[in-house]
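Asker: As input, take start.pdb (PDB, C-alpha atoms):
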```
ATOM      1  CA  MET A  20       0.000   0.000   0.000
ATOM      2  CA  SER A  21       1.340   3.417  -0.927
ATOM      3  CA  ARG A  22       1.984   6.225   1.483
ATOM      4  CA  SER A  23      -0.844   8.396  -0.015
ATOM      5  CA  SER A  24      -3.408   5.645   0.526
ATOM      6  CA  ILE A  25      -2.296   5.205   4.140
ATOM      7  CA  VAL A  26      -2.656   8.976   4.709
ATOM      8  CA  ALA A  27      -6.183   9.021   3.188
ATOM      9  CA  ILE A  28      -7.271   6.118   5.428
ATOM     10  CA  VAL A  29      -5.906   7.837   8.508
ATOM     11  CA  ILE A  30      -7.726  11.128   7.640
ATOM     12  CA  PHE A  31     -11.021   9.306   6.936
ATOM     13  CA  GLY A  32     -10.727   7.425  10.254
ATOM     14  CA  ALA A  33     -10.020  10.618  12.127
ATOM     15  CA  ALA A  34     -13.084  12.248  10.543
ATOM     16  CA  LEU A  35     -15.275   9.334  11.606
ATOM     17  CA  LEU A  36     -13.925   9.464  15.180
ATOM     18  CA  ALA A  37     -14.581  13.220  15.249
ATOM     19  CA  LEU A  38     -18.152  12.736  13.947
ATOM     20  CA  PHE A  39     -18.949  10.041  16.496
ATOM     21  CA  SER A  40     -17.323  11.991  19.308
ATOM     22  CA  ILE A  41     -19.535  15.112  18.826
ATOM     23  CA  GLY A  42     -23.083  15.160  20.114
ATOM     24  CA  PRO A  43     -26.422  15.095  18.258
ATOM     25  CA  GLN A  44     -26.768  18.858  18.412
ATOM     26  CA  ALA A  45     -23.484  19.388  16.636
ATOM     27  CA  THR A  46     -24.516  16.800  14.036
ATOM     28  CA  ARG A  47     -27.739  18.686  13.316
ATOM     29  CA  LYS A  48     -25.763  21.917  12.920
ATOM     30  CA  ILE A  49     -23.551  20.260  10.361
ATOM     31  CA  GLN A  50     -26.617  18.955   8.517
ATOM     32  CA  ALA A  51     -28.231  22.404   8.636
ATOM     33  CA  THR A  52     -25.112  23.992   7.232
ATOM     34  CA  PHE A  53     -25.044  21.437   4.428
ATOM     35  CA  TYR A  54     -28.684  21.987   3.493
ATOM     36  CA  GLN A  55     -28.221  25.751   3.631
ATOM     37  CA  ALA A  56     -25.388  25.417   1.156
ATOM     38  CA  ILE A  57     -27.422  23.392  -1.338
ATOM     39  CA  SER A  58     -30.792  25.194  -0.797
ATOM     40  CA  PRO A  59     -30.410  27.542  -3.827
ATOM     41  CA  PHE A  60     -30.080  24.508  -6.064
ATOM     42  CA  LEU A  61     -33.166  22.898  -4.510
ATOM     43  CA  THR A  62     -35.192  26.137  -4.881
ATOM     44  CA  THR A  63     -34.135  26.581  -8.486
ATOM     45  CA  GLY A  64     -35.160  23.028  -9.316
ATOM     46  CA  SER A  65     -38.576  23.476  -7.698
ATOM     47  CA  GLY A  66     -39.255  26.742  -9.589
ATOM     48  CA  LEU A  67     -38.194  25.194 -12.846
ATOM     49  CA  GLU A  68     -40.566  22.284 -12.276
ATOM     50  CA  LYS A  69     -43.408  24.705 -11.546
ATOM     51  CA  GLN A  70     -42.639  26.621 -14.736
ATOM     52  CA  ILE A  71     -42.619  23.430 -16.776
ATOM     53  CA  THR A  72     -45.951  22.392 -15.215
ATOM     54  CA  SER A  73     -47.410  25.860 -15.982
ATOM     55  CA  VAL A  74     -46.249  25.724 -19.602
ATOM     56  CA  ARG A  75     -47.767  22.276 -20.024
ATOM     57  CA  ALA A  76     -51.090  23.516 -18.603
ATOM     58  CA  GLY A  77     -50.966  26.507 -20.943
ATOM     59  CA  LEU A  78     -50.363  24.310 -23.968
ATOM     60  CA  LYS A  79     -53.280  22.117 -22.965
ATOM     61  CA  SER A  80     -55.537  25.176 -22.662
ATOM     62  CA  LEU A  81     -54.462  26.396 -26.121
ATOM     63  CA  GLU A  82     -55.275  23.004 -27.634
ATOM     64  CA  GLU A  83     -58.719  23.050 -26.015
ATOM     65  CA  LEU A  84     -59.347  26.603 -27.271
ATOM     66  CA  GLU A  85     -58.278  25.617 -30.785
ATOM     67  CA  ARG A  86     -60.641  22.645 -30.748
ATOM     68  CA  GLU A  87     -63.479  24.848 -29.499
ATOM     69  CA  ASN A  88     -62.661  27.491 -32.107
ATOM     70  CA  THR A  89     -62.695  24.884 -34.890
ATOM     71  CA  ALA A  90     -66.027  23.527 -33.665
ATOM     72  CA  LEU A  91     -67.469  27.054 -33.548
ATOM     73  CA  ARG A  92     -66.274  27.776 -37.109
ATOM     74  CA  VAL A  93     -67.949  24.595 -38.358
ATOM     75  CA  GLU A  94     -71.147  25.468 -36.500
ATOM     76  CA  ASN A  95     -71.032  29.019 -37.875
ATOM     77  CA  ARG A  96     -70.724  27.757 -41.466
ATOM     78  CA  SER A  97     -73.632  25.396 -40.850
ATOM     79  CA  LEU A  98     -75.771  28.205 -39.433
ATOM     80  CA  LYS A  99     -74.920  30.454 -42.401
ATOM     81  CA  ALA A 100     -75.923  27.720 -44.847
ATOM     82  CA  THR A 101     -79.161  27.125 -42.953
ATOM     83  CA  ASN A 102     -79.887  30.850 -42.874
ATOM     84  CA  GLU A 103     -79.325  31.185 -46.631
ATOM     85  CA  ALA A 104     -81.583  28.186 -47.267
ATOM     86  CA  LEU A 105     -84.294  29.725 -45.107
ATOM     87  CA  ARG A 106     -83.994  33.026 -46.987
ATOM     88  CA  ASP A 107     -84.343  31.167 -50.280
ATOM     89  CA  VAL A 108     -87.435  29.371 -48.984
ATOM     90  CA  GLU A 109     -88.895  32.650 -47.735
ATOM     91  CA  HIS A 110     -88.228  34.294 -51.103
ATOM     92  CA  GLU A 111     -89.881  31.370 -52.900
ATOM     93  CA  VAL A 112     -92.931  31.446 -50.620
ATOM     94  CA  ASN A 113     -93.344  35.220 -50.993
ATOM     95  CA  ARG A 114     -92.937  35.009 -54.761
ATOM     96  CA  LEU A 115     -95.539  32.257 -55.101
ATOM     97  CA  ARG A 116     -97.929  34.010 -52.732
ATOM     98  CA  HIS A 117     -97.583  37.225 -54.735
ATOM     99  CA  ALA A 118     -98.204  35.361 -57.990
ATOM    100  CA  LEU A 119    -101.274  33.628 -56.526
ATOM    101  CA  ASN A 120    -102.726  36.943 -55.365
ATOM    102  CA  TYR A 121    -102.171  38.444 -58.814
ATOM    103  CA  ARG A 122    -103.848  35.486 -60.477
ATOM    104  CA  GLN A 123    -106.886  35.786 -58.215
ATOM    105  CA  ARG A 124    -107.425  39.492 -58.803
ATOM    106  CA  SER A 125    -106.591  39.466 -62.537
ATOM    107  CA  LEU A 126    -109.317  40.091 -65.123
ATOM    108  CA  PHE A 127    -107.859  37.290 -67.238
ATOM    109  CA  ARG A 128    -107.836  33.524 -67.031
ATOM    110  CA  LEU A 129    -104.201  32.751 -66.411
ATOM    111  CA  VAL A 130    -102.218  29.536 -66.702
ATOM    112  CA  PRO A 131     -99.105  29.606 -64.472
ATOM    113  CA  ALA A 132     -95.899  28.353 -66.062
ATOM    114  CA  GLU A 133     -92.221  28.005 -65.229
ATOM    115  CA  ILE A 134     -89.230  28.807 -67.395
ATOM    116  CA  VAL A 135     -87.612  25.435 -68.096
ATOM    117  CA  SER A 136     -84.888  26.359 -70.578
ATOM    118  CA  ARG A 137     -83.142  29.340 -72.049
ATOM    119  CA  ASP A 138     -80.518  29.343 -74.786
ATOM    120  CA  SER A 139     -77.634  31.749 -74.226
ATOM    121  CA  SER A 140     -77.524  32.464 -77.960
ATOM    122  CA  THR A 141     -81.178  33.621 -77.887
ATOM    123  CA  TRP A 142     -81.208  35.001 -74.347
ATOM    124  CA  TRP A 143     -83.252  38.106 -75.180
ATOM    125  CA  ARG A 144     -85.322  36.401 -77.870
ATOM    126  CA  THR A 145     -87.073  33.299 -76.519
ATOM    127  CA  VAL A 146     -87.684  31.174 -73.438
ATOM    128  CA  THR A 147     -89.325  27.770 -73.066
ATOM    129  CA  ILE A 148     -92.110  27.164 -70.538
ATOM    130  CA  ASN A 149     -93.564  23.941 -69.111
ATOM    131  CA  ARG A 150     -97.142  24.452 -70.343
ATOM    132  CA  GLY A 151     -98.668  23.495 -73.669
ATOM    133  CA  SER A 152    -101.834  22.538 -75.501
ATOM    134  CA  GLU A 153    -102.906  20.154 -72.734
ATOM    135  CA  ASP A 154    -103.125  23.210 -70.456
ATOM    136  CA  GLY A 155    -105.135  25.268 -72.931
ATOM    137  CA  VAL A 156    -102.151  27.143 -74.345
ATOM    138  CA  GLU A 157    -102.218  28.063 -78.027
ATOM    139  CA  PRO A 158     -99.913  30.032 -80.347
ATOM    140  CA  GLU A 159    -100.169  33.835 -80.254
ATOM    141  CA  MET A 160    -101.241  34.061 -76.598
ATOM    142  CA  PRO A 161     -99.908  36.841 -74.361
ATOM    143  CA  VAL A 162     -97.402  35.915 -71.659
ATOM    144  CA  LEU A 163     -96.923  38.170 -68.647
ATOM    145  CA  THR A 164     -96.036  38.494 -64.963
ATOM    146  CA  ASP A 165     -97.584  40.656 -62.293
ATOM    147  CA  GLU A 166     -95.081  43.366 -63.344
ATOM    148  CA  GLY A 167     -96.050  43.537 -67.007
ATOM    149  CA  LEU A 168     -95.770  42.049 -70.487
ATOM    150  CA  VAL A 169     -93.215  39.305 -71.224
ATOM    151  CA  GLY A 170     -94.075  38.319 -74.799
ATOM    152  CA  ARG A 171     -96.279  35.871 -76.697
ATOM    153  CA  THR A 172     -96.372  32.143 -77.375
ATOM    154  CA  THR A 173     -95.187  30.848 -80.746
ATOM    155  CA  THR A 174     -94.542  27.101 -81.036
ATOM    156  CA  VAL A 175     -96.838  25.057 -78.763
ATOM    157  CA  ALA A 176     -96.537  21.328 -78.032
ATOM    158  CA  GLU A 177     -98.546  19.214 -75.598
ATOM    159  CA  ASN A 178     -96.539  20.037 -72.483
ATOM    160  CA  ILE A 179     -94.132  22.729 -73.589
ATOM    161  CA  SER A 180     -94.219  26.077 -75.409
ATOM    162  CA  VAL A 181     -91.789  28.620 -76.815
ATOM    163  CA  VAL A 182     -92.316  32.246 -75.813
ATOM    164  CA  LEU A 183     -91.100  35.083 -78.038
ATOM    165  CA  LEU A 184     -89.917  37.819 -75.691
ATOM    166  CA  VAL A 185     -90.948  41.444 -76.054
ATOM    167  CA  SER A 186     -87.226  42.260 -76.326
ATOM    168  CA  ASP A 187     -87.011  40.417 -79.660
ATOM    169  CA  GLU A 188     -87.172  42.648 -82.739
ATOM    170  CA  ASN A 189     -89.803  40.341 -84.264
ATOM    171  CA  CYS A 190     -92.223  40.783 -81.347
ATOM    172  CA  LYS A 191     -94.327  43.810 -82.297
ATOM    173  CA  VAL A 192     -96.717  45.290 -79.750
ATOM    174  CA  ALA A 193     -99.254  48.055 -80.356
ATOM    175  CA  VAL A 194     -99.086  50.511 -77.465
ATOM    176  CA  SER A 195    -100.287  53.827 -76.116
ATOM    177  CA  VAL A 196     -98.488  56.294 -73.842
ATOM    178  CA  GLU A 197    -100.070  57.287 -70.547
ATOM    179  CA  GLY A 198    -101.371  60.833 -70.346
ATOM    180  CA  THR A 199    -101.264  61.335 -74.126
ATOM    181  CA  ARG A 200    -103.024  60.346 -77.320
ATOM    182  CA  GLU A 201     -99.796  58.974 -78.709
ATOM    183  CA  GLN A 202     -99.774  55.435 -80.063
ATOM    184  CA  GLY A 203     -97.063  53.428 -81.736
ATOM    185  CA  ILE A 204     -95.398  50.043 -82.126
ATOM    186  CA  VAL A 205     -92.897  48.636 -79.657
ATOM    187  CA  THR A 206     -90.216  46.224 -80.844
ATOM    188  CA  GLY A 207     -87.062  44.850 -79.322
ATOM    189  CA  GLU A 208     -83.896  46.808 -79.924
ATOM    190  CA  ARG A 209     -81.141  44.544 -81.177
ATOM    191  CA  VAL A 210     -77.883  45.647 -79.557
ATOM    192  CA  GLU A 211     -74.968  43.219 -79.770
ATOM    193  CA  GLY A 212     -73.397  42.513 -76.388
ATOM    194  CA  SER A 213     -76.055  44.438 -74.475
ATOM    195  CA  VAL A 214     -76.415  43.358 -70.862
ATOM    196  CA  THR A 215     -79.840  44.966 -70.418
ATOM    197  CA  PRO A 216     -82.324  44.924 -73.292
ATOM    198  CA  MET A 217     -84.090  48.073 -74.448
ATOM    199  CA  LEU A 218     -87.279  48.506 -76.430
ATOM    200  CA  GLU A 219     -87.986  50.915 -79.300
ATOM    201  CA  LEU A 220     -91.259  52.795 -79.595
ATOM    202  CA  ASN A 221     -91.694  53.935 -83.185
ATOM    203  CA  TYR A 222     -94.275  55.816 -85.318
ATOM    204  CA  LEU A 223     -94.877  58.558 -82.761
ATOM    205  CA  SER A 224     -95.894  62.014 -83.962
ATOM    206  CA  LYS A 225     -93.270  64.744 -84.121
ATOM    207  CA  GLN A 226     -95.275  66.653 -81.520
ATOM    208  CA  ALA A 227     -95.286  63.786 -79.012
ATOM    209  CA  ASN A 228     -92.754  65.420 -76.641
ATOM    210  CA  LEU A 229     -92.615  62.416 -74.312
ATOM    211  CA  LYS A 230     -90.793  62.579 -70.987
ATOM    212  CA  PRO A 231     -88.635  60.004 -69.184
ATOM    213  CA  GLY A 232     -90.661  58.036 -66.682
ATOM    214  CA  GLN A 233     -93.909  57.953 -68.650
ATOM    215  CA  LYS A 234     -95.425  54.472 -68.816
ATOM    216  CA  VAL A 235     -96.359  52.638 -71.981
ATOM    217  CA  TYR A 236     -99.259  50.150 -72.092
ATOM    218  CA  THR A 237    -100.676  47.749 -74.658
ATOM    219  CA  SER A 238    -103.423  49.446 -76.673
ATOM    220  CA  GLY A 239    -105.304  46.292 -77.676
ATOM    221  CA  VAL A 240    -104.889  47.022 -81.384
ATOM    222  CA  GLY A 241    -104.096  43.913 -83.415
ATOM    223  CA  GLY A 242    -105.946  41.435 -81.259
ATOM    224  CA  VAL A 243    -102.974  39.553 -79.758
ATOM    225  CA  PHE A 244    -102.384  41.612 -76.626
ATOM    226  CA  PRO A 245    -105.310  42.898 -74.553
ATOM    227  CA  SER A 246    -105.212  46.559 -73.609
ATOM    228  CA  GLY A 247    -103.831  47.816 -70.329
ATOM    229  CA  LEU A 248    -100.741  45.600 -69.916
ATOM    230  CA  LEU A 249     -97.650  47.520 -68.853
ATOM    231  CA  VAL A 250     -94.925  47.217 -71.481
ATOM    232  CA  GLY A 251     -92.238  49.564 -70.223
ATOM    233  CA  THR A 252     -91.122  53.011 -69.109
ATOM    234  CA  ILE A 253     -89.739  55.739 -71.360
ATOM    235  CA  LYS A 254     -86.031  56.443 -70.967
ATOM    236  CA  THR A 255     -85.211  58.713 -73.917
ATOM    237  CA  PHE A 256     -87.114  60.546 -76.647
ATOM    238  CA  GLN A 257     -85.980  61.994 -79.971
ATOM    239  CA  VAL A 258     -87.633  63.728 -82.907
ATOM    240  CA  ARG A 259     -86.692  62.383 -86.342
ATOM    241  CA  ALA A 260     -87.267  63.657 -89.865
ATOM    242  CA  LEU A 261     -90.742  62.181 -90.303
ATOM    243  CA  ASP A 262     -91.730  61.026 -86.814
ATOM    244  CA  SER A 263     -90.456  60.561 -83.263
ATOM    245  CA  GLN A 264     -88.941  57.630 -81.425
ATOM    246  CA  ALA A 265     -88.626  56.679 -77.769
ATOM    247  CA  LYS A 266     -86.468  54.105 -76.003
ATOM    248  CA  LEU A 267     -88.089  52.074 -73.236
ATOM    249  CA  ALA A 268     -86.892  49.964 -70.341
ATOM    250  CA  PRO A 269     -89.000  46.767 -70.183
ATOM    251  CA  ALA A 270     -91.451  46.570 -67.295
ATOM    252  CA  VAL A 271     -90.294  43.027 -66.516
ATOM    253  CA  ASP A 272     -86.727  42.077 -65.647
ATOM    254  CA  LEU A 273     -86.338  39.613 -68.502
ATOM    255  CA  ALA A 274     -82.948  38.435 -67.261
ATOM    256  CA  LYS A 275     -84.443  36.985 -64.076
ATOM    257  CA  LEU A 276     -87.590  35.313 -65.342
ATOM    258  CA  GLU A 277     -88.687  32.327 -63.277
ATOM    259  CA  ASP A 278     -92.484  32.126 -63.412
ATOM    260  CA  VAL A 279     -94.921  33.593 -65.921
ATOM    261  CA  PHE A 280     -98.620  33.479 -66.771
ATOM    262  CA  VAL A 281    -100.156  32.671 -70.126
ATOM    263  CA  VAL A 282    -103.369  34.587 -70.822
ATOM    264  CA  ILE A 283    -105.884  32.091 -72.220
ATOM    265  CA  GLY A 284    -108.930  34.357 -72.072
ATOM    266  CA  ARG A 285    -110.982  36.680 -69.897
ATOM    267  CA  LYS A 286    -112.818  35.657 -66.744
TER     268      LYS A 286
END
```
I need this file expressed as structure tokens, please.
Answerer:
Amino acid sequence: MSRSSIVAIVIFGAALLALFSIGPQATRKIQATFYQAISPFLTTGSGLEKQITSVRAGLKSLEELERENTALRVENRSLKATNEALRDVEHEVNRLRHALNYRQRSLFRLVPAEIVSRDSSTWWRTVTINRGSEDGVEPEMPVLTDEGLVGRTTTVAENISVVLLVSDENCKVAVSVEGTREQGIVTGERVEGSVTPMLELNYLSKQANLKPGQKVYTSGVGGVFPSGLLVGTIKTFQVRALDSQAKLAPAVDLAKLEDVFVVIGRK
């Protein structure tokens, strides 16, 4: 055994004898001093553990909030879709109720019909409806809505008919202007690429002097259209070499046609 080992054993033995020779009170003091020395390390470890626990709890709360937020977004989208569907149903109910009321108070016998097809190439010229000869529909019958004149039937099959719109240049309507003695013929104005159709009122007198806002109604001349149906409202007026001409906005929004009535006679 080396000298250094012998010295270490002697020192260790002396330390043990000293420890056993002192009393319990001195031992507790030594322990207290030891714990006081390492207390900062114990405190730091405890705080760090608390911080880790707090961070974990915070992450858990964020996950729960994210799940709740996702669920609320899904519920919100569902409620929006339901609300839009209810608005569509309400619009449909109001539209049908309005049409029914018009049919009941009308002076004409009306056959209700729906627009079933519309060709983009003839958008302002014709529409197809789901009523035909089995419903009493015949060619050259007026077609209208509660807002005014739409056009007239042309080709009629058993369960389907083609309607020539008033915005077509081949649909000619004899009319009169409210508040005047002026009469003329309304035809569709063919404008390539036009988003909104316009109507032309021709064969007016040079003294007509019509004003924007005046309403134009069917005159009953010609036998196809009964008198008193609103055709449109005057937008512009001009005097020409031999007569005058007015431009009209159609009474019916022809771009949004859904339901129409076919006039099959008087009540």
Asker: Kindly resolve the PyMOL selection byres ((chain A and resi 284) around 10) on the present coordinates and return the residues as an NGL selection string.
Answerer: :A and (126-130 or 155 or 160-161 or 245 or 281-283 or 285-286)
Asker: I'd like to see the residues matched by the PyMOL selection byres ((chain A and resi 118) around 10) on this file, and ideally I'd get them as a PyMOL selection string.
Answerer: chain A and resi 112-117+119-123+131+164-165+278-280
Asker: Evaluated on this file, the PyMOL selection byres ((chain A and resi 239) around 12) picks out some residues - which ones are they, written as a VMD selection string?
Answerer: chain A and resid 161 192 to 195 202 to 204 236 to 238 240 to 249
Asker: Can you measure CA of Met217 in chain A to CA of Gln257 in chain A for me? One decimal in Å is fine.
Answerer: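 So the answer is 15.1 Å.
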Asker: Find the spatial neighbours of Ala268 in chain A, counting all atoms listed in the file, within a cut-off of 8 Å - ignore same-chain residues fewer than 2 positions away - and output them as number ranges by chain.
Answerer: A: 216-218, 251-254, 266, 270
Asker: Identify the residues around (-89.4, 26.7, -70.1) within a radius of 12 Å, measuring from all atoms listed in the file in the coordinates stated by the file, and give them as a count of residues only.
Answerer: 29
Asker: Can I get the residues of range 245-274 of chain A within 8 Å of range 223-233 of chain A, each with the closest pair of atoms and their distance in Å to one decimal, using only C-alpha atoms, sorted chain first then ascending number, as JSON lines?
Answerer:
```
{"residue": "A:Thr252", "atom": "CA", "partner": "A:Gly232", "partner_atom": "CA", "distance": 5.6}
{"residue": "A:Ile253", "atom": "CA", "partner": "A:Pro231", "partner_atom": "CA", "distance": 4.9}
{"residue": "A:Lys254", "atom": "CA", "partner": "A:Pro231", "partner_atom": "CA", "distance": 4.8}
{"residue": "A:Thr255", "atom": "CA", "partner": "A:Pro231", "partner_atom": "CA", "distance": 6.0}
{"residue": "A:Phe256", "atom": "CA", "partner": "A:Leu229", "partner_atom": "CA", "distance": 6.3}
{"residue": "A:Val258", "atom": "CA", "partner": "A:Lys225", "partner_atom": "CA", "distance": 5.9}
{"residue": "A:Arg259", "atom": "CA", "partner": "A:Lys225", "partner_atom": "CA", "distance": 7.3}
{"residue": "A:Leu261", "atom": "CA", "partner": "A:Lys225", "partner_atom": "CA", "distance": 7.2}
{"residue": "A:Asp262", "atom": "CA", "partner": "A:Lys225", "partner_atom": "CA", "distance": 4.8}
{"residue": "A:Ser263", "atom": "CA", "partner": "A:Leu223", "partner_atom": "CA", "distance": 4.9}
{"residue": "A:Gln264", "atom": "CA", "partner": "A:Leu223", "partner_atom": "CA", "distance": 6.2}
{"residue": "A:Ala265", "atom": "CA", "partner": "A:Leu229", "partner_atom": "CA", "distance": 7.8}
```
Asker: Include C-alpha atoms and write out the residues we just selected as an mmCIF file, keeping the file's coordinate frame.
Answerer:
```
data_model
loop_
_atom_site.group_PDB
_atom_site.id
_atom_site.type_symbol
_atom_site.label_atom_id
_atom_site.label_comp_id
_atom_site.auth_asym_id
_atom_site.auth_seq_id
_atom_site.Cartn_x
_atom_site.Cartn_y
_atom_site.Cartn_z
ATOM 1 C CA THR A 252 -91.122 53.011 -69.109
ATOM 2 C CA ILE A 253 -89.739 55.739 -71.360
ATOM 3 C CA LYS A 254 -86.031 56.443 -70.967
ATOM 4 C CA THR A 255 -85.211 58.713 -73.917
ATOM 5 C CA PHE A 256 -87.114 60.546 -76.647
ATOM 6 C CA VAL A 258 -87.633 63.728 -82.907
ATOM 7 C CA ARG A 259 -86.692 62.383 -86.342
ATOM 8 C CA LEU A 261 -90.742 62.181 -90.303
ATOM 9 C CA ASP A 262 -91.730 61.026 -86.814
ATOM 10 C CA SER A 263 -90.456 60.561 -83.263
ATOM 11 C CA GLN A 264 -88.941 57.630 -81.425
ATOM 12 C CA ALA A 265 -88.626 56.679 -77.769
#
```
Asker: Just give me the gap between CA of Pro269 in chain A and CA of Cys190 in chain A in Å, one decimal is fine.
Answerer: 13.1 Å
